[in-house]
Structure formats: structure tokens, C-alpha cells
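Pasted below: my_file-v1.cif, mmCIF, C-alpha atoms and all ligand atoms.
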data_my_file
loop_
_atom_site.label_atom_id
_atom_site.label_comp_id
_atom_site.auth_asym_id
_atom_site.auth_seq_id
_atom_site.Cartn_x
_atom_site.Cartn_y
_atom_site.Cartn_z
CA MET A 6 139.92 104.42 98.30
CA SER A 7 139.68 107.87 96.73
CA ALA A 8 136.05 107.40 95.71
CA PHE A 9 133.37 105.48 97.59
CA LYS A 10 129.69 104.58 97.36
CA ALA A 11 127.22 107.00 98.94
CA VAL A 12 123.62 108.18 98.86
CA VAL A 13 123.86 111.74 97.57
CA ILE A 14 121.19 114.44 97.61
CA ASP A 15 121.75 117.14 95.00
CA LYS A 16 119.79 120.31 94.36
CA ASN A 17 119.46 122.33 91.19
CA GLN A 18 116.86 124.70 89.69
CA SER A 19 114.39 121.88 89.07
CA GLY A 20 114.58 120.78 92.73
CA GLN A 21 116.11 118.10 94.88
CA SER A 22 117.25 114.71 93.57
CA VAL A 23 118.70 111.70 95.33
CA ALA A 24 120.78 108.82 93.99
CA ILE A 25 123.31 106.22 95.05
CA ARG A 26 126.56 107.14 93.35
CA SER A 27 130.29 107.42 93.67
CA PHE A 28 131.56 110.24 95.92
CA ASP A 29 135.08 111.57 95.94
CA GLU A 30 137.00 111.43 99.22
CA ALA A 31 138.51 114.84 98.41
CA ASP A 32 134.99 116.31 98.74
CA LEU A 33 134.51 115.14 102.33
CA MET A 34 134.12 117.93 104.87
CA ASP A 35 136.62 118.97 107.53
CA GLY A 36 137.14 116.78 110.56
CA ASP A 37 139.93 115.16 112.54
CA VAL A 38 138.72 111.55 112.32
CA THR A 39 137.97 109.47 109.21
CA VAL A 40 135.70 106.50 109.82
CA ARG A 41 134.97 103.53 107.59
CA VAL A 42 131.23 103.09 108.09
CA SER A 43 129.94 99.54 108.50
CA HIS A 44 126.32 100.20 109.52
CA SER A 45 123.84 103.03 109.67
CA THR A 46 120.13 103.11 110.36
CA LEU A 47 116.89 104.73 109.26
CA ASN A 48 115.35 107.48 111.34
CA TYR A 49 112.30 109.59 110.57
CA LYS A 50 114.64 112.51 109.87
CA ASP A 51 116.51 110.44 107.28
CA GLY A 52 113.17 109.84 105.57
CA LEU A 53 112.50 113.58 105.53
CA ALA A 54 115.95 114.19 104.00
CA ILE A 55 115.63 111.47 101.34
CA THR A 56 112.13 112.48 100.26
CA GLY A 57 112.67 116.23 100.68
CA LYS A 58 109.38 116.33 102.59
CA ALA A 59 110.82 118.77 105.12
CA PRO A 60 113.88 121.00 104.77
CA VAL A 61 116.19 119.09 107.11
CA VAL A 62 119.09 119.21 104.61
CA ARG A 63 120.84 122.54 104.84
CA ARG A 64 123.79 122.03 102.48
CA PHE A 65 124.12 120.49 99.00
CA PRO A 66 125.33 118.07 97.93
CA MET A 67 124.42 116.19 101.10
CA ILE A 68 124.90 112.59 102.13
CA PRO A 69 121.99 111.74 104.46
CA GLY A 70 122.21 109.40 107.45
CA VAL A 71 122.28 110.75 111.01
CA ASP A 72 123.72 107.65 112.71
CA LEU A 73 126.79 105.54 112.09
CA ALA A 74 128.81 102.70 113.49
CA GLY A 75 132.22 101.94 112.07
CA ILE A 76 135.96 101.68 112.50
CA VAL A 77 138.36 104.60 112.70
CA GLU A 78 140.60 104.65 109.63
CA ALA A 79 142.68 107.76 110.37
CA SER A 80 142.72 110.18 113.29
CA SER A 81 144.60 113.24 114.47
CA ASN A 82 142.35 113.37 117.55
CA PRO A 83 144.14 112.10 120.66
CA GLU A 84 141.02 110.24 121.86
CA PHE A 85 140.79 107.96 118.81
CA LYS A 86 143.22 105.78 116.88
CA PRO A 87 142.89 103.62 113.75
CA GLY A 88 141.00 100.42 114.50
CA ASP A 89 138.76 101.90 117.25
CA ALA A 90 135.10 100.92 117.00
CA VAL A 91 132.93 104.04 117.24
CA VAL A 92 129.34 105.29 117.12
CA LEU A 93 127.99 108.70 116.13
CA ASN A 94 124.45 110.05 116.56
CA GLY A 95 123.29 113.45 115.36
CA TRP A 96 125.49 116.56 115.66
CA GLY A 97 124.08 117.68 112.28
CA LEU A 98 125.22 114.56 110.40
CA GLY A 99 123.03 114.21 107.30
CA GLU A 100 121.76 117.78 107.79
CA THR A 101 124.69 120.19 107.78
CA HIS A 102 127.59 117.69 107.70
CA LEU A 103 128.04 114.88 105.14
CA GLY A 104 126.39 111.85 106.71
CA ALA A 105 126.38 108.14 107.26
CA TYR A 106 124.90 106.60 104.09
CA ALA A 107 128.44 106.38 102.74
CA GLU A 108 131.33 103.99 103.02
CA LYS A 109 133.40 106.78 104.56
CA VAL A 110 132.84 109.85 106.73
CA ARG A 111 135.15 112.53 108.08
CA VAL A 112 133.92 114.03 111.35
CA LYS A 113 134.97 115.82 114.50
CA GLY A 114 136.31 113.36 117.05
CA ASP A 115 134.29 115.21 119.71
CA TRP A 116 131.13 113.83 118.09
CA LEU A 117 132.21 110.19 118.39
CA ILE A 118 131.71 107.86 121.29
CA PRO A 119 133.29 104.42 121.63
CA LEU A 120 131.03 101.53 120.60
CA PRO A 121 129.40 100.61 123.94
CA GLN A 122 130.69 97.39 125.45
CA GLY A 123 128.51 94.39 124.80
CA LEU A 124 127.02 95.76 121.56
CA SER A 125 127.96 94.89 117.98
CA ALA A 126 127.96 97.64 115.33
CA GLU A 127 124.72 96.19 113.95
CA GLN A 128 123.05 96.21 117.38
CA ALA A 129 124.23 99.78 118.01
CA MET A 130 122.54 100.85 114.79
CA ALA A 131 119.41 98.83 115.61
CA ILE A 132 119.27 101.16 118.60
CA GLY A 133 120.45 104.26 116.72
CA THR A 134 119.22 107.77 117.40
CA ALA A 135 115.69 106.43 117.82
CA GLY A 136 116.68 104.09 120.64
CA TYR A 137 119.05 106.46 122.32
CA THR A 138 116.32 109.14 122.23
CA ALA A 139 113.90 106.68 123.84
CA MET A 140 116.44 106.23 126.66
CA LEU A 141 116.87 110.03 126.98
CA CYS A 142 113.07 110.20 127.44
CA LEU A 143 113.10 107.52 130.16
CA MET A 144 115.97 109.32 131.90
CA ALA A 145 114.07 112.63 131.74
CA LEU A 146 111.03 110.99 133.39
CA GLU A 147 113.23 109.50 136.10
CA ARG A 148 114.99 112.84 136.70
CA HIS A 149 111.52 114.25 137.26
CA GLY A 150 111.14 111.75 140.09
CA LEU A 151 108.69 109.41 138.38
CA SER A 152 108.69 105.66 138.95
CA PRO A 153 106.36 102.78 138.03
CA GLU A 154 104.40 102.94 141.35
CA ARG A 155 102.95 106.27 140.20
CA GLY A 156 100.80 104.64 137.50
CA PRO A 157 100.99 103.57 133.84
CA ALA A 158 103.21 105.10 131.15
CA ILE A 159 101.90 105.81 127.66
CA VAL A 160 103.99 105.60 124.48
CA THR A 161 102.59 107.21 121.33
CA GLY A 162 103.67 106.14 117.84
CA ALA A 163 104.43 102.86 119.53
CA VAL A 164 105.07 100.72 116.43
CA GLY A 165 107.61 103.28 115.14
CA GLY A 166 111.32 103.23 115.93
CA VAL A 167 111.45 105.51 118.99
CA GLY A 168 108.13 104.09 120.17
CA SER A 169 109.21 100.44 119.93
CA VAL A 170 112.38 101.02 121.96
CA ALA A 171 110.51 103.20 124.47
CA VAL A 172 107.96 100.42 125.03
CA ALA A 173 110.75 97.90 125.63
CA LEU A 174 112.79 100.16 127.94
CA LEU A 175 109.83 101.31 130.03
CA ALA A 176 108.55 97.74 130.40
CA LYS A 177 112.02 96.53 131.41
CA ALA A 178 112.14 99.32 134.02
CA GLY A 179 108.91 97.96 135.51
CA TRP A 180 106.30 100.30 134.03
CA HIS A 181 102.80 99.24 133.01
CA VAL A 182 103.07 100.37 129.40
CA ILE A 183 100.10 101.58 127.36
CA ALA A 184 101.13 101.49 123.69
CA SER A 185 99.18 103.86 121.46
CA THR A 186 99.13 102.91 117.79
CA GLY A 187 97.18 103.25 114.57
CA ARG A 188 98.14 99.68 113.70
CA PRO A 189 96.02 97.42 115.93
CA GLU A 190 97.22 94.43 113.89
CA GLU A 191 100.61 94.95 115.58
CA ALA A 192 99.20 94.33 119.08
CA ASP A 193 101.10 91.04 119.46
CA TYR A 194 104.32 92.73 118.36
CA LEU A 195 103.85 95.48 120.97
CA LYS A 196 102.97 92.99 123.70
CA GLY A 197 106.09 91.03 122.76
CA LEU A 198 108.13 94.18 123.43
CA GLY A 199 106.51 94.52 126.85
CA ALA A 200 103.33 96.58 126.36
CA THR A 201 100.51 95.70 128.77
CA GLU A 202 97.70 97.57 127.00
CA ILE A 203 97.11 98.72 123.43
CA LEU A 204 95.32 102.03 122.84
CA ASP A 205 93.90 102.94 119.44
CA ARG A 206 95.56 106.20 118.47
CA GLY A 207 92.14 107.42 117.32
CA GLU A 208 91.35 107.92 121.03
CA LEU A 209 94.03 110.62 121.10
CA ALA A 210 93.06 112.22 117.80
CA GLY A 211 89.90 114.14 118.76
CA GLN A 212 89.62 117.80 119.71
CA PRO A 213 91.66 118.01 122.95
CA ARG A 214 89.80 119.05 126.11
CA PRO A 215 91.67 121.18 128.66
CA LEU A 216 91.42 118.32 131.15
CA ALA A 217 90.17 114.77 130.66
CA LYS A 218 90.02 111.63 132.81
CA GLU A 219 93.44 110.93 134.38
CA ARG A 220 94.90 107.80 132.75
CA TRP A 221 98.72 107.73 133.03
CA ALA A 222 101.48 109.14 135.21
CA ALA A 223 104.17 109.32 132.54
CA GLY A 224 104.63 109.16 128.81
CA VAL A 225 106.91 109.23 125.81
CA ASP A 226 105.37 111.15 122.93
CA THR A 227 106.77 110.78 119.41
CA VAL A 228 103.76 112.26 117.61
CA GLY A 229 103.20 115.85 118.85
CA SER A 230 100.22 117.97 117.77
CA THR A 231 96.70 116.89 118.79
CA THR A 232 98.03 113.58 120.13
CA LEU A 233 100.34 115.29 122.61
CA ALA A 234 97.63 117.76 123.61
CA ASN A 235 95.30 114.84 124.41
CA VAL A 236 98.03 112.92 126.22
CA LEU A 237 98.72 115.95 128.45
CA SER A 238 95.03 116.40 129.22
CA MET A 239 94.86 112.77 130.43
CA THR A 240 98.03 112.82 132.55
CA LYS A 241 97.61 112.21 136.28
CA TYR A 242 98.31 114.85 138.89
CA GLY A 243 102.10 115.39 139.19
CA GLY A 244 102.89 113.32 136.10
CA ALA A 245 105.13 114.18 133.16
CA ILE A 246 105.38 113.56 129.45
CA ALA A 247 108.71 113.44 127.61
CA ALA A 248 108.10 114.92 124.15
CA CYS A 249 110.60 114.07 121.43
CA GLY A 250 108.72 113.78 118.14
CA LEU A 251 106.47 115.40 115.58
CA ALA A 252 105.35 112.47 113.41
CA GLY A 253 101.79 113.84 113.62
CA GLY A 254 102.68 117.54 113.37
CA MET A 255 104.74 120.26 114.96
CA ASP A 256 101.88 122.24 116.51
CA LEU A 257 100.54 121.78 120.03
CA PRO A 258 96.84 122.69 120.33
CA ALA A 259 96.81 122.43 124.14
CA THR A 260 95.82 124.63 127.08
CA VAL A 261 97.85 125.33 130.20
CA ALA A 262 95.23 123.53 132.32
CA PRO A 263 97.25 120.29 132.87
CA PHE A 264 100.29 122.34 133.94
CA ILE A 265 98.59 124.72 136.35
CA LEU A 266 95.77 122.52 137.68
CA ARG A 267 97.42 119.09 137.72
CA ASN A 268 101.07 120.01 138.14
CA VAL A 269 101.81 118.09 134.95
CA ALA A 270 105.23 118.67 133.32
CA LEU A 271 106.16 118.62 129.66
CA LEU A 272 109.77 117.52 129.31
CA GLY A 273 111.47 118.37 126.01
CA VAL A 274 113.99 115.85 124.72
CA ASP A 275 116.60 116.54 122.05
CA SER A 276 119.16 113.97 120.96
CA VAL A 277 121.03 115.91 118.28
CA MET A 278 122.96 118.36 120.47
CA ALA A 279 122.83 116.39 123.73
CA PRO A 280 126.11 116.72 125.66
CA LYS A 281 128.61 113.88 125.40
CA ALA A 282 128.36 112.81 129.06
CA LEU A 283 124.58 112.38 128.75
CA ARG A 284 125.01 110.40 125.51
CA ILE A 285 127.51 108.03 127.09
CA GLU A 286 125.24 107.55 130.13
CA ALA A 287 122.26 106.83 127.85
CA TRP A 288 124.22 104.38 125.67
CA ASN A 289 125.67 102.53 128.65
CA ARG A 290 122.21 102.15 130.14
CA ILE A 291 120.78 100.87 126.85
CA ALA A 292 123.63 98.37 126.55
CA ARG A 293 122.79 97.10 130.06
CA GLU A 294 119.00 97.31 130.05
CA LEU A 295 117.72 96.60 126.53
CA ASP A 296 117.26 92.88 126.07
CA HIS A 297 119.09 91.70 122.95
CA ASP A 298 116.31 89.32 121.85
CA THR A 299 113.76 92.12 122.17
CA LEU A 300 116.02 94.38 120.10
CA ALA A 301 116.33 91.68 117.43
CA ALA A 302 112.54 91.25 117.39
CA MET A 303 112.05 94.91 116.42
CA THR A 304 114.87 95.08 113.85
CA THR A 305 115.01 94.63 110.07
CA VAL A 306 118.32 94.79 108.18
CA ILE A 307 118.49 96.23 104.65
CA PRO A 308 121.36 96.90 102.23
CA LEU A 309 122.27 100.51 101.37
CA ASP A 310 120.62 100.03 97.97
CA GLN A 311 117.17 99.81 99.62
CA VAL A 312 117.44 102.91 101.77
CA LEU A 313 115.72 105.29 99.31
CA GLU A 314 112.58 103.13 99.25
CA ALA A 315 112.71 102.73 103.04
CA GLY A 316 113.02 106.51 103.45
CA GLN A 317 109.69 106.97 101.67
CA LYS A 318 108.10 104.27 103.84
CA ILE A 319 109.13 105.88 107.12
CA VAL A 320 107.57 109.24 106.25
CA ASP A 321 104.42 107.35 105.24
CA GLY A 322 104.34 105.73 108.72
CA ARG A 323 104.81 102.25 107.21
CA ILE A 324 108.02 101.22 109.00
CA LYS A 325 107.74 98.86 111.94
CA GLY A 326 110.38 99.10 114.66
CA ARG A 327 113.97 99.73 113.70
CA VAL A 328 115.80 99.42 110.38
CA VAL A 329 119.56 98.79 110.19
CA VAL A 330 121.30 99.83 106.97
CA GLU A 331 124.29 97.71 106.00
CA VAL A 332 126.75 100.10 104.42
CA ALA A 333 129.95 98.08 104.09
P1 LIG A 401 108.73 106.30 112.87
O1 LIG A 401 108.16 106.71 111.57
O2 LIG A 401 109.44 105.01 112.97
O3 LIG A 401 107.56 106.30 113.96
C1 LIG A 401 106.61 107.29 114.03
C2 LIG A 401 105.28 106.67 114.44
O4 LIG A 401 104.36 107.71 114.73
C3 LIG A 401 104.62 105.84 113.34
O5 LIG A 401 105.11 104.54 113.28
C4 LIG A 401 103.17 105.89 113.80
O6 LIG A 401 103.01 104.96 114.86
C5 LIG A 401 103.05 107.28 114.40
N1 LIG A 401 102.48 108.26 113.48
C6 LIG A 401 102.93 108.60 112.25
N2 LIG A 401 102.16 109.54 111.69
C7 LIG A 401 101.18 109.79 112.59
C8 LIG A 401 100.06 110.67 112.60
N3 LIG A 401 99.81 111.47 111.57
N4 LIG A 401 99.28 110.69 113.69
C9 LIG A 401 99.52 109.88 114.74
N5 LIG A 401 100.57 109.02 114.78
C10 LIG A 401 101.38 108.99 113.72
O7 LIG A 401 109.70 107.49 113.34
P2 LIG A 401 110.75 107.49 114.53
O8 LIG A 401 110.28 106.61 115.61
O9 LIG A 401 112.13 107.33 113.99
O10 LIG A 401 110.63 109.00 115.02
C11 LIG A 401 109.44 109.43 115.68
C12 LIG A 401 109.48 110.94 115.87
O11 LIG A 401 110.52 111.28 116.78
C13 LIG A 401 109.77 111.72 114.60
O12 LIG A 401 108.99 112.89 114.57
C14 LIG A 401 111.25 112.07 114.72
O13 LIG A 401 111.58 113.21 114.00
C15 LIG A 401 111.36 112.28 116.21
N6 LIG A 401 112.70 112.10 116.74
C16 LIG A 401 113.19 113.09 117.53
C17 LIG A 401 114.41 113.00 118.10
C18 LIG A 401 114.89 114.07 119.01
O14 LIG A 401 116.10 114.23 119.20
N7 LIG A 401 113.99 114.82 119.62
C19 LIG A 401 115.30 111.86 117.81
C20 LIG A 401 114.64 110.81 117.04
C21 LIG A 401 113.38 110.96 116.51
P3 LIG A 401 101.83 103.87 114.87
O15 LIG A 401 101.89 103.18 113.54
O16 LIG A 401 102.16 102.99 116.03
O17 LIG A 401 100.55 104.64 115.06
#
Could you write out this structure as C-alpha cells?
Amino acid sequence: MSAFKAVVIDKNQSGQSVAIRSFDEADLMDGDVTVRVSHSTLNYKDGLAITGKAPVVRRFPMIPGVDLAGIVEASSNPEFKPGDAVVLNGWGLGETHLGAYAEKVRVKGDWLIPLPQGLSAEQAMAIGTAGYTAMLCLMALERHGLSPERGPAIVTGAVGGVGSVAVALLAKAGWHVIASTGRPEEADYLKGLGATEILDRGELAGQPRPLAKERWAAGVDTVGSTTLANVLSMTKYGGAIAACGLAGGMDLPATVAPFILRNVALLGVDSVMAPKALRIEAWNRIARELDHDTLAAMTTVIPLDQVLEAGQKIVDGRIKGRVVVEVA
């Protein structure tokens, strides 16, 4: 196929526009592996790219989509051959390199990992960057020496993609999970994923105090800003919070009090440039530890044609769990 279907973001003097249209294979970027994409997914960053709400796209035209699962079509990379099932998360896909909302991508083989054993392409994209980031957060907490005996773990933005997987993974690992959400009507959904308690996110939205009553030993924060400042102020002595998101804002109106008076740690988590060995470890653990029925319960599948609408919904905070995009 010399032309294929793709979501394309263009920019001209009147601004950014996005449409589903034909894209010429000759315009693909450099890379040593060509992949026929079967599935992608919807992450918050994809919503930012589609809507133009934040400048995540740094080259035009751009095909958004930071995650893909597919089959290698051609390869001059010794690690991959035609027919191999592969997954790619991040590495600038959909930001600086033409991304996954397309029937075809050309990428560096170094960015690809084999589809983890025991997962279908659709399941791998139900996990996607959001799920793999949730696992990176759990691994960061464990590396810090934390375990469920130390006390509860909080997850903020719990109904969202990263939050939903984090709730499920922490619960499976034996944590008492406190799920913070602005959608109390989703309490049954969160309990189904393994949450023990539901916390109204309004309780984390007030002016943060330097220190507040100690409530949890660990946490995964997808919201940032005032929420993260409040979460830190309520973290038990010696606890840690893995911070990966900014759905509520990029600022952090906190004091150093939790760090210097309670020995609390703030653990930064990035998925985009994470080294390959860490990615493979995270994916293998997800494949082993994330219950397939739980994953299915948090997943919606949409065709590529609906991804523009879904992109608006995710930046509006109206997406529940994970969204798989069927590309093929
Ligand atoms: P979602 O939109 O699916 O989830 C975000 C959730 O945050 C919402 O569902 C909502 O949860 C909550 N939320 C949204 N707006 C606000 C607000 N103003 N105040 C408080 N809570 C809010 O996004 P994802 O789960 O895909 O991503 C979450 C964050 O993690 C994003 O900022 C994303 O950019 C970041 N991220 C970072 C990665 C990394 O490598 N560091 C990788 C992947 C994601 P609820 O309805 O339950 O209140």
C-alpha cells in the first residue's frame, strides 16, 4: 500500500487542524522497521495532541498516537523480522515522530519490544502507556522499600486510565487501595477493580497545609498541582508518592515539610524515555499480574473514526478507564 488511512494534524497560519485522511507511505519518517498497526489506544497526551490544548506536537504534519501494537512488515534491524508481533510506547511517537493512529508506521527498531507473552494486541493496547506507567509507579514504590504492611496506598484520578490500572495493580499486590475520584457514581467500578475505599477528590482540592493527618504510606498521583501537594502533606512518616501526571495542573504548591519532617519521598515517573530493560520488566510484570477480566472491565474499544471525539473527552476528564483504538 503506498497510501494508508491516518489521523493527521496539520498547521497553517489559521492554526492547527485535524482530520482522518489518506497519508502517503513516501512521507513516513526514517526508521529501520515498518509496522502494520492493528491497535492503538487513547492516552491523555493523545487528547492534548488532537485538541491542540497543549503543545505536545512538535512537528507538522503529525500523526498522533503514542502507543501501538502491530506486526512487522519490513525490517533491516537484526532484532526484528517480518511477521513479528510488537508493541511500542512513547519515544516521541505522536509528538516528534509520526505516530500510531495510522495503518502503518516506520520507527527505530530500538523503540520496539516484542508483544509480551500471554497478551493479545488488543490487551496490550488496553494496557498501553497508561497501564505500563501505572506499573512503573508500583515498581518505583517497591524500589523505595514500601510494601502493603506499611499502610494504605492512594491513587488519584482513579477513574482515569493510569488511575484504573494503578488501582488494579496495587490491589493485586496486596495494598489497601484508597481511590480518589471526582466521580463518586463510579464507586462500584473502582471497587470492582480492587479499591477498598473511595475518597472524594474534593478532599484533596483545598489549600494544602504543610502537614496534615497521616493517611497513607504510598501513592500513585496522576493529577499533580494542589492534589499532589495535599497527598504529600497526608503521607505517613517514611512513605512515598510516585508522581506521573498533571491532569489537574503542572504546578506543585507544596512545602518541603513532608520531606524534611516526615521523611516522605516524591518519586518521579516517566514512561516516554524509560530504558528498554525497565520497559520489558514492567510489561512482563503486567502480563503476569494484571487480571485479564479486570482489564476487560476497564476497557472500551472504538474504531479509528471515533478517536477525534474521544480525544476531546479525555481532556475533559470524561473517559472512564482505558480506550483501545482499532486501527486495522
Ligand atoms: P485520564 O484523563 O484517563 O485520567 C485523568 C484523571 O484525572 C481523570 O479521569 C480524573 O479522574 C482526574 N482529573 C482530571 N482533571 C482533574 C482535575 N482538574 N482535578 C483533579 N482530578 C482531575 O488520563 P490518563 O490516565 O491517561 O493520564 C493521567 C495523567 O498521567 C495525565 O496527566 C498524563 O499526561 C499523565 N501520564 C504521564 C505519563 C508519564 O510518563 N509520566 C504516562 C501516561 C500518562 P476522576 O474522574 O477519577 O476524578
Exercise. Could I get the residue neighbourhood of ligand LIG 401 (chain A) at 6 Å, counting all atoms listed in the file, as number ranges by chain?
Key: A: 48-50, 134-135, 138, 162-168, 186-188, 227-228, 249-253, 274-277, 319-320, 322, 324
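You can rank A:Leu103, A:Val40, A:Val71, A:Leu204 by their closest distance to Val91 in chain A using only C-alpha atoms, and at the top of that list sits A:Val40.
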Quiz item: By how many Å are CA of Cys142 in chain A and CA of Val225 in chain A apart?
Solution: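 Going from CA of Cys142 in chain A over to CA of Val225 in chain A, I get 6.4 Å.
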Quiz prompt | CA of Arg290 in chain A to CA of Val312 in chain A, straight-line distance in Å | solution =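 Calculated distance between CA of Val312 in chain A and CA of Arg290 in chain A is 28.8 Å.
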Quiz prompt | Residues near Ile14 in chain A, cut-off 9 Å, all atoms listed in the file, skip fewer than 4 positions along chain, as a ChimeraX atom specification | solution = /A:21-25,54-55,62,65-69
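Put simply, CA of Ser27 in chain A is 9.9 Å away from CA of Ser7 in chain A.
Of the listed residues (A:Ala178, A:Val110, A:Ala90, A:Ala282), A:Val110 comes nearest to Asp35 in chain A; the distances count all atoms listed in the file.
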Practice problem: Pick out the closest residue to Phe85 in chain A from this set: A:Thr161, A:Thr56, A:Thr39, A:Asn235. Count only C-alpha atoms. | Solution: A:Thr39
Spatial neighbours of Ala171 in chain A, max dist 12 Å, all atoms listed in the file, sep filter under 2 positions, as a JSON list (two decimals) with C-alpha atoms, in the coordinates of the input:
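Everything below was put into selection12.json:
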[["chain", "number", "residue", "atom", "x", "y", "z"],
["A", 132, "ILE", "CA", 119.27, 101.16, 118.60],
["A", 135, "ALA", "CA", 115.69, 106.43, 117.82],
["A", 136, "GLY", "CA", 116.68, 104.09, 120.64],
["A", 137, "TYR", "CA", 119.05, 106.46, 122.32],
["A", 138, "THR", "CA", 116.32, 109.14, 122.23],
["A", 139, "ALA", "CA", 113.90, 106.68, 123.84],
["A", 140, "MET", "CA", 116.44, 106.23, 126.66],
["A", 141, "LEU", "CA", 116.87, 110.03, 126.98],
["A", 142, "CYS", "CA", 113.07, 110.20, 127.44],
["A", 143, "LEU", "CA", 113.10, 107.52, 130.16],
["A", 144, "MET", "CA", 115.97, 109.32, 131.90],
["A", 146, "LEU", "CA", 111.03, 110.99, 133.39],
["A", 158, "ALA", "CA", 103.21, 105.10, 131.15],
["A", 159, "ILE", "CA", 101.90, 105.81, 127.66],
["A", 160, "VAL", "CA", 103.99, 105.60, 124.48],
["A", 161, "THR", "CA", 102.59, 107.21, 121.33],
["A", 162, "GLY", "CA", 103.67, 106.14, 117.84],
["A", 163, "ALA", "CA", 104.43, 102.86, 119.53],
["A", 164, "VAL", "CA", 105.07, 100.72, 116.43],
["A", 165, "GLY", "CA", 107.61, 103.28, 115.14],
["A", 166, "GLY", "CA", 111.32, 103.23, 115.93],
["A", 167, "VAL", "CA", 111.45, 105.51, 118.99],
["A", 168, "GLY", "CA", 108.13, 104.09, 120.17],
["A", 169, "SER", "CA", 109.21, 100.44, 119.93],
["A", 173, "ALA", "CA", 110.75, 97.90, 125.63],
["A", 174, "LEU", "CA", 112.79, 100.16, 127.94],
["A", 175, "LEU", "CA", 109.83, 101.31, 130.03],
["A", 176, "ALA", "CA", 108.55, 97.74, 130.40],
["A", 177, "LYS", "CA", 112.02, 96.53, 131.41],
["A", 178, "ALA", "CA", 112.14, 99.32, 134.02],
["A", 180, "TRP", "CA", 106.30, 100.30, 134.03],
["A", 182, "VAL", "CA", 103.07, 100.37, 129.40],
["A", 183, "ILE", "CA", 100.10, 101.58, 127.36],
["A", 184, "ALA", "CA", 101.13, 101.49, 123.69],
["A", 185, "SER", "CA", 99.18, 103.86, 121.46],
["A", 195, "LEU", "CA", 103.85, 95.48, 120.97],
["A", 198, "LEU", "CA", 108.13, 94.18, 123.43],
["A", 199, "GLY", "CA", 106.51, 94.52, 126.85],
["A", 200, "ALA", "CA", 103.33, 96.58, 126.36],
["A", 223, "ALA", "CA", 104.17, 109.32, 132.54],
["A", 224, "GLY", "CA", 104.63, 109.16, 128.81],
["A", 225, "VAL", "CA", 106.91, 109.23, 125.81],
["A", 226, "ASP", "CA", 105.37, 111.15, 122.93],
["A", 227, "THR", "CA", 106.77, 110.78, 119.41],
["A", 247, "ALA", "CA", 108.71, 113.44, 127.61],
["A", 248, "ALA", "CA", 108.10, 114.92, 124.15],
["A", 249, "CYS", "CA", 110.60, 114.07, 121.43],
["A", 291, "ILE", "CA", 120.78, 100.87, 126.85],
["A", 294, "GLU", "CA", 119.00, 97.31, 130.05],
["A", 295, "LEU", "CA", 117.72, 96.60, 126.53],
["A", 299, "THR", "CA", 113.76, 92.12, 122.17],
["A", 300, "LEU", "CA", 116.02, 94.38, 120.10],
["A", 303, "MET", "CA", 112.05, 94.91, 116.42],
["A", 326, "GLY", "CA", 110.38, 99.10, 114.66],
["A", 327, "ARG", "CA", 113.97, 99.73, 113.70]]
Self-check item: Selection near range 207-215 of chain A, 7 Å with all atoms listed in the file, sequence-local residues under 4 positions removed, as a count of residues only
Solution: 9
